[in-house]
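Visitor: I have a structure I would like to understand better, so I am pasting it below and will then ask my questions one at a time.
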Amino acid sequence: VSPASDYSPQFAPALIAAKNMLDQYSPADNDRNKVVLFFADELPDDYEPVTLAALNITAPPANYELFTIRLDLSVDVQMSAQEYFTQQFLQSIASVSKDMHYVGEYLDNVPIVVFQGVCNPQSMVGRFVANNDALCPQLDNKVECNQR
């Protein structure tokens, strides 16, 4: 449900800003994986610019990890047509492999499934930001290393 009848989701500027922020830190921080989390509960109106912005994030020379998360605002057993189209779009712009970079999740579960998973090397996001020995060779605990 849109917040207002004239609401028109425009996501390309946010993706461009995310890439620009990561680009600022890349030269000095090459040992860390760069991750963008993109959340949406509906298709953007600017889907072509979003597709181009996503490609600029995931393609060389950037090679950042783009995770897409379709937010379910209610707990429904069956996916609506709109949710299906949103899922297809989000999977199309996610990093390769698409099935490992996309999840549809009920809004209330996002903190557990997405955010708490960042430090878990077994989770969707955590496996791509897992321990890099160059960052903290003094630590044996990968979770502690990931939290730094």
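Every chain in the structure tokens has a letter given in the order shown (A, B, ...), and although residue numbers restart at 1 in each chain, ligands are simply numbered from 1 in the order shown.
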Mind checking which residues fall within 9 Å of stretch 42-58 of chain A, counting only C-alpha atoms, ignoring those fewer than 2 positions away in the same chain, and posting them as a PyMOL selection string?
Guide: chain A and resi 1+8-13+15-16+18-19+36+40+60-66+70-71+82-83+85-87+89-90+92-96
Visitor: Could you please write out, as an MDAnalysis selection string, every residue of stretch 5-146 of chain A that DSSP assigns to alpha helix (DSSP H)?
Guide: chainID A and resid 12:25 47:58 81:93 110 142:146
Visitor: How far is it from atom CA of A:Val103 to atom CA of A:Arg32, in Å with one decimal?
Guide: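 Separating atom CA of A:Val103 from atom CA of A:Arg32 is a distance of 23.1 Å.
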Visitor: Residues within 12 Å of A:Glu105, please, as a PyMOL selection string. Count only C-alpha atoms; anything in the same chain fewer than 2 positions from it doesn't count.
Guide: chain A and resi 39-41+68-76+79+83+87+102-103+107-114
Visitor: Output as a list in words all residues of stretch 10-73 of chain A that backbone DSSP marks as strand (DSSP E).
Guide: Val35, Val36, Leu37, Phe38, Phe39, Ala40, Glu65, Leu66, Phe67, Thr68, Ile69, Arg70, Leu71 and Asp72 of chain A
